[in-house]
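What follows is a set of notes on a single structure, which appears directly below.
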2 protein chains.
Amino acid sequence: MRKTGKKSVRRKGGSITIDDVAALAKVSPMTVSRVVNGHSKVRDTTRERVMEAVRELGYIPNLAASSLAAAQDARIALIYTNPSAAYLRELLLGALRGAARTAAQLVIEDWDELDAGGDRKAARALAKSVSGVILPPPLCESKVVIEELVEAGVPVVAIASGRFNHEISSVRIDDFLASKEVTEHLIRMGHTRIAFIKGHPNQTASARRFEGYQSALKEAGIAADAALVQQGFFTYRSGLDAVEKLLSLKQPPTAIFASNDDMASAAISVAHRRGLDVPRDISIVGFDDTSAATTVWPEISTVRQPIASMADSAIDILLRTIRRKDTDTKVVVDHVVAHQLVKRDSVAPPVATGRKTRG
Amino acid sequence: MRKTGKKSVRRKGGSITIDDVAALAKVSPMTVSRVVNGHSKVRDTTRERVMEAVRELGYIPNLAASSLAAAQDARIALIYTNPSAAYLRELLLGALRGAARTAAQLVIEDWDELDAGGDRKAARALAKSVSGVILPPPLCESKVVIEELVEAGVPVVAIASGRFNHEISSVRIDDFLASKEVTEHLIRMGHTRIAFIKGHPNQTASARRFEGYQSALKEAGIAADAALVQQGFFTYRSGLDAVEKLLSLKQPPTAIFASNDDMASAAISVAHRRGLDVPRDISIVGFDDTSAATTVWPEISTVRQPIASMADSAIDILLRTIRRKDTDTKVVVDHVVAHQLVKRDSVAPPVATGRKTRG
DNA sequence: AGAAGAACGGTTAACGCTAACATGTGCGAA
DNA sequence: TTCGCACATGTTAGCGTTAACCGTTCTTCT
């Protein structure tokens, strides 16, 4: 009867607590806790009664309290550099959802402004203050950072890195397969001169995507043409340059597969500038399904990478690792999630005759 | 001596608590708390001693515990629709920072999928479960939502709404002034045929921006030309249409002022498609300084709206309101923050002669 | 010098929840 | 029928921090 006690000094008054629910359902607070958290066995009739009370009162557990009581107030850091807006947005949304779900304390840090060698120092400092770290690209490729964190015994999850590094856990899609599927899609449409714009060489995912492209071509019996492959750096600007080169070829491609959406939208821009219609004269596909893909016109066909739920999963993985602090066996998992081909308006079969058939 | 007590059953072990710091500094935990939170008066020598201990141990307060103890575990909701990536990213970043700083519990909700009338229901439900709400545009213009929340006595802060509504607090920039400054900047450069693309009519900020444009023209003695004003809807697509019309005019503008960056980047796209060089043949400015402004090439001059710190402030305002629950006087504040003109590469003086002087 | 008060810092009891242990209930096997 | 055991629920104590209250000690004024 905390509510009616007379010696209490501080009084909250406002929100509905687990005690209120317990009183209404005529059970102990502990039982309510069990029901709410889906723990242990509770008789169905009891569960129903509690749920009913929860619903009636609009009870929402106090995360601060449960995290405190459960002693699992893990502090998890999400570090980023190069904050591509769309990417970071998804990352934050997912991490936030995960943190809310598990009552983890989320710490967001921007390491863009670090000077040379600063990352090593920052990593060392970070290791002391958090119990887990989420590393999106390109940081998840940084040997230095990973080394420091691993050495300090802090569990790390890499998001969307191209390959599994046995040192740390990772959550990613199968870049190779996704890329292959995109290419196959273009081939099925009838394209044979398919250009590829590579991603930044400092990210392993770039290589995987390129390999997927090559593999699809090979399986379809299409000879690789080195002139159709351009180096890009994931930026719009780099896409512009790459596409200019591609479209200046004596025999230009009928389709361009850019390693990310920013470069794909640069491709659309260049194509338009040259009087080409997308997708009639040239098909364009991107990768990631960031907002860049739907901001431009026509909207870009791309591969959806579920960044938000990947971040969410990352938190789960970290928490699982952190909690089993007794067992000294290091747990490193590789979580590959499903990607999805998103077909929009930037892809069509090639026109058989020469191009430039504007209406 | 909690650490050495023998009756304790649960043991955390891991992290450093306020007690550790207190022990090292030879003061009571309460004093540490005071130092850490900058409360009350603590002798300088004591403060130093505590700070030293904090530094040495790398102590970081447990948010869960302090939020619980401070009984200010306000649950704050951030509701959004139309999640423009760049915008939401900033919003989340700022809100997160604010939440971490104040130990508030942040709840993010997406109301995009709501069916007709669903917002009223959602607002009513929300009012019961949170103690404060942050409303970015366009939701901050929704009479229905605001009405429900205000009626339920939940403090609300509107972010970036165009004008102050005395019902709820708001954090915003001076859209009128910012827009006027942009226009003046163009005029100073020598432009006189300045086109304007309006924003979505359901947002008051759109109107303010238009008024700022008009005001600058008037003060400069430039006659308003209705043909130079086009309706847009903040989307890339709508920008495309508006710019097509503008550039098809017998006497086209030498500068285009779009109400947001997405439409400005559409303007660049159309200009390029027509063989115009930006900024030589036509100057383009945007508004908001979202990532859209720097993704394209050339990068767009625009107005920086500090969304992140606005969201941060919003949390402060809410918390202040929530905490003083005793006084029944409703507190409604209007917080206008400074904007900033960001000059990039999309603006140049007009060429005196006819246009289309491509190199 | 003595009293009044300011400045400082310690004590206690919560905040809302849950792990671990304790107890109670019903059921089948002996 | 009685014991034992599994399952369902209650009890206790404590997670790390801070508000409110209460003693000190150091000033300062008369």
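Labels for the structure tokens follow display order: chains A, B, ..., residues from 1 in each chain, ligands from 1.
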(message) Show me, as a VMD selection string, every residue of chain A with an atom at most 9 Å from chain B, counting only C-alpha atoms.
(response) chain A and resid 10 to 12 15 58 to 60 62 to 68 71 to 73 84 to 90 92 to 93 96 to 97 100 103 105 to 108 128 to 129 235 to 237 240 262 266 269 to 275 290 to 292 295 to 298
Output C-alpha atoms of each residue in that selection to a file, as a PDB file, in the first residue's frame.
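What follows is the written file out-v2.pdb:
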```
ATOM      1  CA  ARG A  10       8.216  12.137  -1.892  1.00  0.00           C
ATOM      2  CA  ARG A  11       5.136  11.512  -3.853  1.00  0.00           C
ATOM      3  CA  LYS A  12       4.963  10.998  -7.541  1.00  0.00           C
ATOM      4  CA  SER A  15       1.834   7.779 -13.531  1.00  0.00           C
ATOM      5  CA  GLY A  58      -2.999   2.005 -19.719  1.00  0.00           C
ATOM      6  CA  TYR A  59      -0.011   0.840 -17.794  1.00  0.00           C
ATOM      7  CA  ILE A  60       3.414   1.279 -19.376  1.00  0.00           C
ATOM      8  CA  ASN A  62       8.952   2.410 -16.287  1.00  0.00           C
ATOM      9  CA  LEU A  63      12.040   1.520 -18.207  1.00  0.00           C
ATOM     10  CA  ALA A  64      14.363   3.284 -15.831  1.00  0.00           C
ATOM     11  CA  ALA A  65      13.131   1.217 -12.964  1.00  0.00           C
ATOM     12  CA  SER A  66      13.214  -2.111 -14.720  1.00  0.00           C
ATOM     13  CA  SER A  67      16.606  -1.518 -16.181  1.00  0.00           C
ATOM     14  CA  LEU A  68      17.861  -0.593 -12.773  1.00  0.00           C
ATOM     15  CA  ALA A  71      20.868  -4.733 -13.393  1.00  0.00           C
ATOM     16  CA  GLN A  72      21.216  -4.916 -17.097  1.00  0.00           C
ATOM     17  CA  ASP A  73      21.615  -1.246 -17.704  1.00  0.00           C
ATOM     18  CA  SER A  84      24.754   9.894 -44.857  1.00  0.00           C
ATOM     19  CA  ALA A  85      21.424  11.253 -43.775  1.00  0.00           C
ATOM     20  CA  ALA A  86      19.224   8.431 -44.908  1.00  0.00           C
ATOM     21  CA  TYR A  87      21.526   5.810 -43.531  1.00  0.00           C
ATOM     22  CA  LEU A  88      21.943   7.374 -40.151  1.00  0.00           C
ATOM     23  CA  ARG A  89      18.274   8.019 -39.846  1.00  0.00           C
ATOM     24  CA  GLU A  90      17.508   4.349 -40.245  1.00  0.00           C
ATOM     25  CA  LEU A  92      19.057   5.703 -35.224  1.00  0.00           C
ATOM     26  CA  LEU A  93      15.492   4.608 -35.594  1.00  0.00           C
ATOM     27  CA  LEU A  96      16.384   3.518 -30.578  1.00  0.00           C
ATOM     28  CA  ARG A  97      13.705   0.907 -30.955  1.00  0.00           C
ATOM     29  CA  ALA A 100      13.643   1.062 -25.821  1.00  0.00           C
ATOM     30  CA  ALA A 103      15.976  -0.735 -21.694  1.00  0.00           C
ATOM     31  CA  GLN A 105      21.129   3.085 -22.535  1.00  0.00           C
ATOM     32  CA  LEU A 106      22.114   4.364 -25.941  1.00  0.00           C
ATOM     33  CA  VAL A 107      25.064   6.657 -26.499  1.00  0.00           C
ATOM     34  CA  ILE A 108      25.501   8.235 -29.913  1.00  0.00           C
ATOM     35  CA  LYS A 128      36.081   2.147 -20.567  1.00  0.00           C
ATOM     36  CA  SER A 129      32.740   3.807 -20.523  1.00  0.00           C
ATOM     37  CA  THR A 235      29.238  10.089 -53.341  1.00  0.00           C
ATOM     38  CA  TYR A 236      26.983  11.853 -55.778  1.00  0.00           C
ATOM     39  CA  ARG A 237      29.958  13.701 -57.187  1.00  0.00           C
ATOM     40  CA  LEU A 240      28.655  12.097 -61.847  1.00  0.00           C
ATOM     41  CA  ASP A 262      23.471   8.440 -54.367  1.00  0.00           C
ATOM     42  CA  ALA A 266      23.816  11.075 -60.173  1.00  0.00           C
ATOM     43  CA  SER A 269      21.032  13.486 -63.579  1.00  0.00           C
ATOM     44  CA  VAL A 270      23.741  12.943 -66.182  1.00  0.00           C
ATOM     45  CA  ALA A 271      21.425  10.950 -68.385  1.00  0.00           C
ATOM     46  CA  HIS A 272      18.862  13.719 -68.305  1.00  0.00           C
ATOM     47  CA  ARG A 273      21.490  16.316 -69.018  1.00  0.00           C
ATOM     48  CA  ARG A 274      22.364  14.374 -72.143  1.00  0.00           C
ATOM     49  CA  GLY A 275      18.797  14.220 -73.272  1.00  0.00           C
ATOM     50  CA  THR A 290      17.839   5.105 -48.967  1.00  0.00           C
ATOM     51  CA  SER A 291      15.668   8.138 -49.446  1.00  0.00           C
ATOM     52  CA  ALA A 292      17.863   9.206 -52.337  1.00  0.00           C
ATOM     53  CA  THR A 295      13.589  11.615 -53.933  1.00  0.00           C
ATOM     54  CA  VAL A 296      14.524  11.799 -57.577  1.00  0.00           C
ATOM     55  CA  TRP A 297      12.383  11.225 -60.590  1.00  0.00           C
ATOM     56  CA  PRO A 298      11.945   8.614 -61.847  1.00  0.00           C
TER      57      PRO A 298
END
```
(request) Select all residues from chain D having any atom no more than 12 Å from an atom of chain A (counting only C-alpha atoms (C1' of nucleotides), ignoring ligands), output as a PyMOL selection string. (result) chain D and resi 6-21
(request) Compute the set of chain C residues within 7 Å of chain B, using only C-alpha atoms (C1' of nucleotides), and express it as a list in words. (result)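 The complete set of qualifying residues is DC8, DG9, DG10 and DC15 of chain C.
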Writer output for current selection, C-alpha atoms (C1' of nucleotides), as a compact mmCIF listing (two decimals), in the first residue's frame:
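Saved result, again.txt, follows:
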```
# COMPACT_ATOMS: atom_id res chain seq x y z
C1' DC C 8 28.47 22.78 3.83
C1' DG C 9 27.90 17.94 3.92
C1' DG C 10 25.80 13.70 5.97
C1' DC C 15 11.85 6.10 -7.00
```
(request) Check region 120-255 of chain A with DSSP on the backbone and list each residue it calls strand (DSSP E), as a list in words. (result)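 Going through region 120-255 of chain A, the strand (DSSP E) residues come out as Gly132, Val133, Ile134, Leu135, Val156, Val157, Ala158, Ile159, Ser169, Ser170, Val171, Arg172, Ile173, Ile194, Ala195, Phe196, Ile197, Lys198, Val229, Gln230, Gln231 and Ala255 of chain A.
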Long-range neighbours of Trp111 (chain B) as a PDB file with C-alpha atoms, in the first residue's frame, 9 Å cut-off, only C-alpha atoms (C1' of nucleotides), 5 positions minimum in chain:
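Final output, result_35.pdb:
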```pdb
ATOM      1  CA  ILE B  79       5.729  11.833 -33.480  1.00  0.00           C
ATOM      2  CA  TYR B  80       6.435  12.122 -37.150  1.00  0.00           C
ATOM      3  CA  THR B  81       4.844  11.681 -40.547  1.00  0.00           C
ATOM      4  CA  ASN B  82       6.472  12.202 -43.941  1.00  0.00           C
ATOM      5  CA  GLY B 118      -6.871   7.847 -36.895  1.00  0.00           C
ATOM      6  CA  ASP B 119      -4.853  10.782 -35.695  1.00  0.00           C
ATOM      7  CA  ALA B 122      -3.910   8.116 -31.724  1.00  0.00           C
TER       8      ALA B 122
END
```
(request) Rounded to one decimal place, report the CA of Asn202 (chain A)-CA of Ala227 (chain A) distance in Å. (result)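 Between CA of Asn202 (chain A) and CA of Ala227 (chain A) the gap is 22.0 Å.
With only C-alpha atoms (C1' of nucleotides) as the atoms that count, the residue of C:DA13, C:DA22, C:DA30, C:DA1 with the shortest distance to DC3 (chain D) is C:DA30.
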(message) Rounded to one decimal, what separation in Å do you get between CA of Gly212 (chain A) and CA of Ser309 (chain A)?
(response) 23.8 Å
(request) Write out as a PyMOL selection string all residues of region 156-341 of chain A that backbone DSSP assigns to alpha helix (DSSP H). (result) chain A and resi 175-188+204-219+236-247+261-273+292-295+307-323
Deliver the residues from the most recent selection as a file, using C-alpha atoms, as a short mmCIF file (atom, residue, chain, number, x, y, z; two decimals), in the first residue's frame.
```
data_model
loop_
_atom_site.label_atom_id
_atom_site.label_comp_id
_atom_site.auth_asym_id
_atom_site.auth_seq_id
_atom_site.Cartn_x
_atom_site.Cartn_y
_atom_site.Cartn_z
CA ASP A 175 25.89 -8.12 -50.61
CA PHE A 176 27.16 -10.61 -53.14
CA LEU A 177 23.84 -12.30 -53.61
CA ALA A 178 21.86 -9.08 -53.66
CA SER A 179 24.12 -7.62 -56.27
CA LYS A 180 23.92 -10.76 -58.32
CA GLU A 181 20.16 -10.69 -58.23
CA VAL A 182 20.06 -7.11 -59.40
CA THR A 183 22.31 -7.93 -62.30
CA GLU A 184 20.28 -10.99 -63.17
CA HIS A 185 17.18 -8.85 -63.14
CA LEU A 186 18.74 -6.53 -65.71
CA ILE A 187 19.87 -9.46 -67.80
CA ARG A 188 16.42 -11.00 -67.75
CA THR A 204 34.49 -4.60 -48.15
CA ALA A 205 30.86 -4.43 -49.13
CA SER A 206 31.96 -2.61 -52.28
CA ALA A 207 34.03 -5.58 -53.37
CA ARG A 208 31.24 -8.04 -52.63
CA ARG A 209 28.82 -6.07 -54.72
CA PHE A 210 31.22 -5.99 -57.61
CA GLU A 211 31.78 -9.72 -57.35
CA GLY A 212 28.05 -10.32 -57.45
CA TYR A 213 27.82 -8.32 -60.63
CA GLN A 214 30.66 -10.22 -62.23
CA SER A 215 29.25 -13.54 -61.21
CA ALA A 216 25.87 -12.86 -62.77
CA LEU A 217 27.45 -11.75 -66.03
CA LYS A 218 29.61 -14.81 -66.15
CA GLU A 219 26.77 -17.20 -65.49
CA TYR A 236 26.98 11.85 -55.78
CA ARG A 237 29.96 13.70 -57.19
CA SER A 238 31.90 10.53 -57.88
CA GLY A 239 28.82 9.09 -59.55
CA LEU A 240 28.65 12.10 -61.85
CA ASP A 241 32.19 11.55 -63.09
CA ALA A 242 31.77 7.82 -63.51
CA VAL A 243 28.60 8.16 -65.52
CA GLU A 244 30.03 10.87 -67.74
CA LYS A 245 32.74 8.45 -68.72
CA LEU A 246 30.30 5.62 -69.30
CA LEU A 247 27.98 7.63 -71.49
CA ASP A 261 21.57 5.18 -54.47
CA ASP A 262 23.47 8.44 -54.37
CA MET A 263 25.53 7.43 -57.37
CA ALA A 264 22.44 6.08 -59.10
CA SER A 265 20.72 9.41 -58.75
CA ALA A 266 23.82 11.08 -60.17
CA ALA A 267 23.43 8.72 -63.11
CA ILE A 268 19.89 9.91 -63.68
CA SER A 269 21.03 13.49 -63.58
CA VAL A 270 23.74 12.94 -66.18
CA ALA A 271 21.42 10.95 -68.39
CA HIS A 272 18.86 13.72 -68.31
CA ARG A 273 21.49 16.32 -69.02
CA ALA A 292 17.86 9.21 -52.34
CA ALA A 293 16.18 6.48 -54.35
CA THR A 294 12.72 7.95 -54.01
CA THR A 295 13.59 11.61 -53.93
CA ILE A 307 19.11 -0.97 -41.72
CA ALA A 308 16.68 -0.20 -38.95
CA SER A 309 15.98 -3.79 -38.02
CA MET A 310 19.64 -4.57 -38.42
CA ALA A 311 20.47 -1.99 -35.78
CA ASP A 312 17.73 -3.42 -33.62
CA SER A 313 19.20 -6.90 -33.92
CA ALA A 314 22.63 -5.56 -33.17
CA ILE A 315 21.43 -4.39 -29.80
CA ASP A 316 19.98 -7.80 -29.08
CA ILE A 317 23.25 -9.47 -29.91
CA LEU A 318 25.23 -7.10 -27.76
CA LEU A 319 22.91 -7.52 -24.83
CA ARG A 320 23.03 -11.27 -25.05
CA THR A 321 26.81 -11.13 -25.05
CA ILE A 322 27.02 -8.64 -22.24
CA ARG A 323 24.65 -10.45 -19.97
#
```
(message) With distances taken over only C-alpha atoms, which residue among A:Val150, A:Ile194, A:Val36, A:Ala255 lies nearest Arg280 (chain A)?
(response) A:Ala255
(request) Report the distance between CA of Ala53 (chain B) and CA of Ala22 (chain B) in Å, rounded to one decimal place. (result) 8.0 Å
(request) Fewer than 6 positions away in the same chain doesn't count, so skip those; otherwise give me all residues within 12 Å of DG5 (chain C), counting only C-alpha atoms (C1' of nucleotides), as a list in words. (result)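 Near neighbours after the sequence-gap exclusion: DC26, DT27, DT28 and DC29 of chain D.
For Gln231 (chain A), the list of residues within 8 Å, based on only C-alpha atoms (C1' of nucleotides) and with local chain neighbours fewer than 5 positions off taken out, reads Ile197, Lys198, Gly199, His200 and Ala242 of chain A.
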